[in-house]
Amino acid sequence: MSEVMLETSAWEDLANIPADPPRMRPLCVKCCRPVQVCWCSALPPEPLSPAGRIVLLQHPAEEKRSLRTAPMLSVGLAPGKCLIYKGKRFPRHDQELETILADKRSLLLYPSANSVPIEQIDPSEGPYNLILIDGTWPQAKAIYHSSTALHGMRQVKLVSSGTSSYIIRTQPTEGCLSTLETAIEALSVLERDNRYREQLLQPLHVLCQYQLANGAVTHQSKEFLIRHNQYPKLIGRRLNRLLKHADNFKDEPMDAAERINST
């Protein structure tokens, strides 16, 4: 075949490419996911309205994750009850956020040496602003260290939170929680109300069930895979420290906040 014929054939192929971009699947106006994979039907009948507020300090990379859980929290709570600020350092000259972080009733959920179990907080002294850092653990750690306004805040932690329902993601260690689950556990304690566990987790169950029905598989934690010689990669220093901590204190509850995963 001559070069002229090849060139002609190539131009014909290009001419047959549709001029308009492919049609996108319709999106749900509430969760902004394709309607086919929308989880809004599992949301509470009415958005839950805690006395306090959840404030997420979200790493910019979280917005790119298709299976993140923060939107479930934002939509499942009443308007104004879940505030999201994006960035790598806070408060970033944001007067509203500066006021929130300086409020004596604001609590930072972070596993520092000064954090106390959230069960020790007196609910009658609220309502509280519960501050969560939304990102992977390395991202959360970087945000904390670069945001000096967080260092002087009252800091709390979750203790012995159980197993995550986010079974389609590989968690670093047993007991890691998604952003949604972390907020639910904290709200349940501060508000003394189990509705958060009973209702706000349902969208996550629907998301996981859909993914599993369409080819996803249940993921074990990295800790589980390593202990059973099934982990295919070298173990990083951070994960190795967590595993040693689990070995040394296996009879004691580990801090769930210390093992927050993104999402």
# chains A, B, ... in the order shown; residues from 1 in each chain; ligands from 1
>>> residues_around(residues="Leu207 of chain A", least_positions_apart="2", cutoff="12 Å", atoms="only C-alpha atoms", output="PDB file with N, CA, C and O atoms, in the first residue's frame")
ATOM      1  N   ARG A  33     -22.471  12.259  42.186  1.00  0.00           N
ATOM      2  CA  ARG A  33     -22.013  11.016  41.588  1.00  0.00           C
ATOM      3  C   ARG A  33     -22.955  10.623  40.454  1.00  0.00           C
ATOM      4  O   ARG A  33     -24.107  11.060  40.422  1.00  0.00           O
ATOM      5  N   GLN A  36     -26.373   6.208  38.476  1.00  0.00           N
ATOM      6  CA  GLN A  36     -26.337   4.755  38.581  1.00  0.00           C
ATOM      7  C   GLN A  36     -25.638   4.292  39.859  1.00  0.00           C
ATOM      8  O   GLN A  36     -25.933   3.219  40.384  1.00  0.00           O
ATOM      9  N   VAL A  37     -24.696   5.074  40.351  1.00  0.00           N
ATOM     10  CA  VAL A  37     -23.939   4.683  41.550  1.00  0.00           C
ATOM     11  C   VAL A  37     -24.199   5.641  42.713  1.00  0.00           C
ATOM     12  O   VAL A  37     -23.403   5.726  43.642  1.00  0.00           O
ATOM     13  N   CYS A  38     -25.291   6.334  42.666  1.00  0.00           N
ATOM     14  CA  CYS A  38     -25.659   7.270  43.737  1.00  0.00           C
ATOM     15  C   CYS A  38     -26.027   6.508  45.004  1.00  0.00           C
ATOM     16  O   CYS A  38     -26.682   5.467  44.954  1.00  0.00           O
ATOM     17  N   TRP A  39     -25.599   7.024  46.152  1.00  0.00           N
ATOM     18  CA  TRP A  39     -25.918   6.401  47.430  1.00  0.00           C
ATOM     19  C   TRP A  39     -26.914   7.217  48.256  1.00  0.00           C
ATOM     20  O   TRP A  39     -27.136   6.932  49.431  1.00  0.00           O
ATOM     21  N   CYS A  40     -27.525   8.223  47.644  1.00  0.00           N
ATOM     22  CA  CYS A  40     -28.409   9.129  48.386  1.00  0.00           C
ATOM     23  C   CYS A  40     -29.645   8.436  48.946  1.00  0.00           C
ATOM     24  O   CYS A  40     -30.232   8.897  49.936  1.00  0.00           O
ATOM     25  N   SER A  41     -30.066   7.333  48.322  1.00  0.00           N
ATOM     26  CA  SER A  41     -31.244   6.619  48.830  1.00  0.00           C
ATOM     27  C   SER A  41     -31.002   6.059  50.224  1.00  0.00           C
ATOM     28  O   SER A  41     -31.952   5.748  50.951  1.00  0.00           O
ATOM     29  N   ALA A  42     -29.738   5.920  50.627  1.00  0.00           N
ATOM     30  CA  ALA A  42     -29.402   5.375  51.943  1.00  0.00           C
ATOM     31  C   ALA A  42     -29.159   6.451  52.991  1.00  0.00           C
ATOM     32  O   ALA A  42     -28.854   6.131  54.135  1.00  0.00           O
ATOM     33  N   LEU A  43     -29.297   7.712  52.602  1.00  0.00           N
ATOM     34  CA  LEU A  43     -29.110   8.796  53.566  1.00  0.00           C
ATOM     35  C   LEU A  43     -30.231   8.802  54.606  1.00  0.00           C
ATOM     36  O   LEU A  43     -31.301   8.225  54.371  1.00  0.00           O
ATOM     37  N   SER A  66     -12.452   9.230  43.873  1.00  0.00           N
ATOM     38  CA  SER A  66     -13.835   8.962  43.478  1.00  0.00           C
ATOM     39  C   SER A  66     -14.632   8.273  44.574  1.00  0.00           C
ATOM     40  O   SER A  66     -15.863   8.351  44.588  1.00  0.00           O
ATOM     41  N   LEU A  67     -13.950   7.603  45.504  1.00  0.00           N
ATOM     42  CA  LEU A  67     -14.658   6.845  46.539  1.00  0.00           C
ATOM     43  C   LEU A  67     -14.466   7.459  47.926  1.00  0.00           C
ATOM     44  O   LEU A  67     -14.488   6.763  48.933  1.00  0.00           O
ATOM     45  N   ARG A  68     -14.319   8.743  47.993  1.00  0.00           N
ATOM     46  CA  ARG A  68     -14.128   9.400  49.286  1.00  0.00           C
ATOM     47  C   ARG A  68     -15.442   9.408  50.075  1.00  0.00           C
ATOM     48  O   ARG A  68     -16.529   9.332  49.505  1.00  0.00           O
ATOM     49  N   THR A  69     -15.331   9.518  51.388  1.00  0.00           N
ATOM     50  CA  THR A  69     -16.513   9.425  52.253  1.00  0.00           C
ATOM     51  C   THR A  69     -16.969  10.763  52.822  1.00  0.00           C
ATOM     52  O   THR A  69     -18.067  10.858  53.359  1.00  0.00           O
ATOM     53  N   MET A  72     -20.515  12.078  52.046  1.00  0.00           N
ATOM     54  CA  MET A  72     -21.614  11.434  52.768  1.00  0.00           C
ATOM     55  C   MET A  72     -21.898  12.175  54.067  1.00  0.00           C
ATOM     56  O   MET A  72     -23.047  12.314  54.480  1.00  0.00           O
ATOM     57  N   SER A 165     -16.063  -0.341  58.204  1.00  0.00           N
ATOM     58  CA  SER A 165     -17.007  -0.863  57.206  1.00  0.00           C
ATOM     59  C   SER A 165     -16.554  -0.545  55.789  1.00  0.00           C
ATOM     60  O   SER A 165     -17.201  -0.967  54.822  1.00  0.00           O
ATOM     61  N   TYR A 166     -15.463   0.180  55.655  1.00  0.00           N
ATOM     62  CA  TYR A 166     -14.962   0.589  54.343  1.00  0.00           C
ATOM     63  C   TYR A 166     -14.118  -0.549  53.783  1.00  0.00           C
ATOM     64  O   TYR A 166     -12.889  -0.447  53.667  1.00  0.00           O
ATOM     65  N   ILE A 167     -14.778  -1.630  53.405  1.00  0.00           N
ATOM     66  CA  ILE A 167     -14.098  -2.890  53.114  1.00  0.00           C
ATOM     67  C   ILE A 167     -13.527  -2.966  51.703  1.00  0.00           C
ATOM     68  O   ILE A 167     -12.884  -3.954  51.354  1.00  0.00           O
ATOM     69  N   ILE A 168     -13.747  -1.952  50.880  1.00  0.00           N
ATOM     70  CA  ILE A 168     -13.224  -1.980  49.510  1.00  0.00           C
ATOM     71  C   ILE A 168     -11.904  -1.224  49.391  1.00  0.00           C
ATOM     72  O   ILE A 168     -11.400  -1.043  48.298  1.00  0.00           O
ATOM     73  N   ARG A 169     -11.366  -0.788  50.520  1.00  0.00           N
ATOM     74  CA  ARG A 169     -10.061  -0.127  50.518  1.00  0.00           C
ATOM     75  C   ARG A 169      -9.112  -0.858  51.452  1.00  0.00           C
ATOM     76  O   ARG A 169      -9.526  -1.383  52.488  1.00  0.00           O
ATOM     77  N   LEU A 201     -23.993   5.667  58.515  1.00  0.00           N
ATOM     78  CA  LEU A 201     -23.137   4.650  57.911  1.00  0.00           C
ATOM     79  C   LEU A 201     -23.767   3.980  56.697  1.00  0.00           C
ATOM     80  O   LEU A 201     -23.081   3.330  55.909  1.00  0.00           O
ATOM     81  N   GLN A 202     -25.082   4.127  56.541  1.00  0.00           N
ATOM     82  CA  GLN A 202     -25.770   3.387  55.483  1.00  0.00           C
ATOM     83  C   GLN A 202     -25.259   3.721  54.075  1.00  0.00           C
ATOM     84  O   GLN A 202     -25.107   2.825  53.240  1.00  0.00           O
ATOM     85  N   PRO A 203     -24.996   4.992  53.740  1.00  0.00           N
ATOM     86  CA  PRO A 203     -24.449   5.267  52.393  1.00  0.00           C
ATOM     87  C   PRO A 203     -23.134   4.546  52.116  1.00  0.00           C
ATOM     88  O   PRO A 203     -22.890   4.120  50.983  1.00  0.00           O
ATOM     89  N   LEU A 204     -22.302   4.407  53.145  1.00  0.00           N
ATOM     90  CA  LEU A 204     -21.032   3.693  52.960  1.00  0.00           C
ATOM     91  C   LEU A 204     -21.293   2.221  52.642  1.00  0.00           C
ATOM     92  O   LEU A 204     -20.623   1.632  51.789  1.00  0.00           O
ATOM     93  N   HIS A 205     -22.274   1.615  53.317  1.00  0.00           N
ATOM     94  CA  HIS A 205     -22.625   0.229  53.035  1.00  0.00           C
ATOM     95  C   HIS A 205     -23.101   0.082  51.592  1.00  0.00           C
ATOM     96  O   HIS A 205     -22.721  -0.872  50.897  1.00  0.00           O
ATOM     97  N   GLN A 209     -21.329  -2.178  48.708  1.00  0.00           N
ATOM     98  CA  GLN A 209     -22.101  -3.253  48.086  1.00  0.00           C
ATOM     99  C   GLN A 209     -22.122  -3.111  46.569  1.00  0.00           C
ATOM    100  O   GLN A 209     -21.997  -4.105  45.835  1.00  0.00           O
ATOM    101  N   TYR A 210     -22.276  -1.880  46.084  1.00  0.00           N
ATOM    102  CA  TYR A 210     -22.290  -1.663  44.638  1.00  0.00           C
ATOM    103  C   TYR A 210     -20.941  -2.017  44.024  1.00  0.00           C
ATOM    104  O   TYR A 210     -20.859  -2.679  42.987  1.00  0.00           O
ATOM    105  N   GLN A 211     -19.866  -1.572  44.669  1.00  0.00           N
ATOM    106  CA  GLN A 211     -18.530  -1.849  44.143  1.00  0.00           C
ATOM    107  C   GLN A 211     -18.240  -3.349  44.134  1.00  0.00           C
ATOM    108  O   GLN A 211     -17.664  -3.884  43.178  1.00  0.00           O
ATOM    109  N   LEU A 212     -18.658  -4.048  45.199  1.00  0.00           N
ATOM    110  CA  LEU A 212     -18.431  -5.488  45.265  1.00  0.00           C
ATOM    111  C   LEU A 212     -19.242  -6.230  44.213  1.00  0.00           C
ATOM    112  O   LEU A 212     -18.791  -7.240  43.653  1.00  0.00           O
ATOM    113  N   ALA A 213     -20.447  -5.727  43.923  1.00  0.00           N
ATOM    114  CA  ALA A 213     -21.297  -6.362  42.910  1.00  0.00           C
ATOM    115  C   ALA A 213     -20.776  -6.122  41.498  1.00  0.00           C
ATOM    116  O   ALA A 213     -21.240  -6.774  40.550  1.00  0.00           O
ATOM    117  N   ASN A 214     -19.844  -5.197  41.348  1.00  0.00           N
ATOM    118  CA  ASN A 214     -19.344  -4.855  40.018  1.00  0.00           C
ATOM    119  C   ASN A 214     -17.839  -5.058  39.892  1.00  0.00           C
ATOM    120  O   ASN A 214     -17.148  -4.317  39.191  1.00  0.00           O
ATOM    121  N   ALA A 216     -15.339  -5.295  42.405  1.00  0.00           N
ATOM    122  CA  ALA A 216     -14.418  -5.005  43.502  1.00  0.00           C
ATOM    123  C   ALA A 216     -14.344  -6.214  44.441  1.00  0.00           C
ATOM    124  O   ALA A 216     -15.218  -7.079  44.436  1.00  0.00           O
TER     125      ALA A 216
END
>>> closest_residue(among="A:Ser124, A:Asn129, A:Gln199, A:Ser115", to="Leu158 of chain A", atoms="only C-alpha atoms")
A:Ser115
>>> closest_residue(among="A:Thr163, A:Ser74, A:Thr99, A:Thr179", to="Ala140 of chain A", atoms="only C-alpha atoms")
A:Thr179
>>> atom_distance(atom1="atom CA of Cys31 of chain A", atom2="atom CA of Gln58 of chain A")
17.4 Å
>>> closest_residue(among="A:Thr136, A:Gln120, A:Asp103, A:Pro111", to="Arg65 of chain A", atoms="only C-alpha atoms")
A:Thr136
>>> atom_distance(atom1="atom CA of Leu187 of chain A", atom2="atom CA of Ile118 of chain A")
9.9 Å
>>> closest_residue(among="A:Pro91, A:Pro26, A:Gly135, A:Pro34", to="Glu63 of chain A", atoms="only C-alpha atoms")
A:Gly135
>>> select_by_dssp(residues="segment 67-196 of chain A", states="helix (DSSP H, G or I)", output="PyMOL selection string")
chain A and resi 70-76+95-102+118-120+123-125+137-146+148-150+179-191+195-196
>>> residues_around(residues="Lys88 of chain A", least_positions_apart="4", cutoff="10 Å", atoms="only C-alpha atoms", output="CSV table (one decimal) with N, CA and C atoms, in the first residue's frame")
chain,number,residue,atom,x,y,z
A,57,LEU,N,-10.7,19.8,57.7
A,57,LEU,CA,-9.5,20.5,57.1
A,57,LEU,C,-9.0,19.5,56.0
A,58,GLN,N,-9.4,19.7,54.8
A,58,GLN,CA,-9.3,18.7,53.8
A,58,GLN,C,-8.0,18.9,52.9
A,59,HIS,N,-7.2,17.9,52.7
A,59,HIS,CA,-6.1,18.0,51.8
A,59,HIS,C,-6.6,18.1,50.4
A,60,PRO,N,-6.0,18.9,49.5
A,60,PRO,CA,-6.5,19.1,48.1
A,60,PRO,C,-6.6,17.8,47.4
A,61,ALA,N,-5.8,16.8,47.7
A,61,ALA,CA,-5.8,15.5,46.9
A,61,ALA,C,-7.1,14.7,47.2
A,92,ARG,N,-5.0,29.9,56.8
A,92,ARG,CA,-4.9,30.5,55.5
A,92,ARG,C,-5.6,31.8,55.3
A,139,GLN,N,-0.5,12.8,54.9
A,139,GLN,CA,-1.1,14.1,54.6
A,139,GLN,C,-1.6,14.8,55.9
A,140,ALA,N,-2.3,14.1,56.7
A,140,ALA,CA,-2.8,14.7,57.9
A,140,ALA,C,-1.7,15.1,58.8
A,142,ALA,N,1.3,16.1,57.9
A,142,ALA,CA,2.0,17.2,57.3
A,142,ALA,C,1.1,18.5,57.6
A,143,ILE,N,-0.2,18.4,57.4
A,143,ILE,CA,-1.1,19.5,57.7
A,143,ILE,C,-1.0,19.9,59.1
A,144,TYR,N,-1.0,19.0,60.0
A,144,TYR,CA,-0.9,19.4,61.5
A,144,TYR,C,0.4,20.1,61.8
A,146,SER,N,2.4,21.8,59.8
A,146,SER,CA,2.5,23.1,59.1
A,146,SER,C,1.5,24.1,59.6
A,147,SER,N,0.5,23.7,60.4
A,147,SER,CA,-0.6,24.6,60.8
A,147,SER,C,-0.4,24.8,62.3
>>> atom_distance(atom1="atom CA of Gly76 of chain A", atom2="atom CA of Arg192 of chain A")
17.8 Å
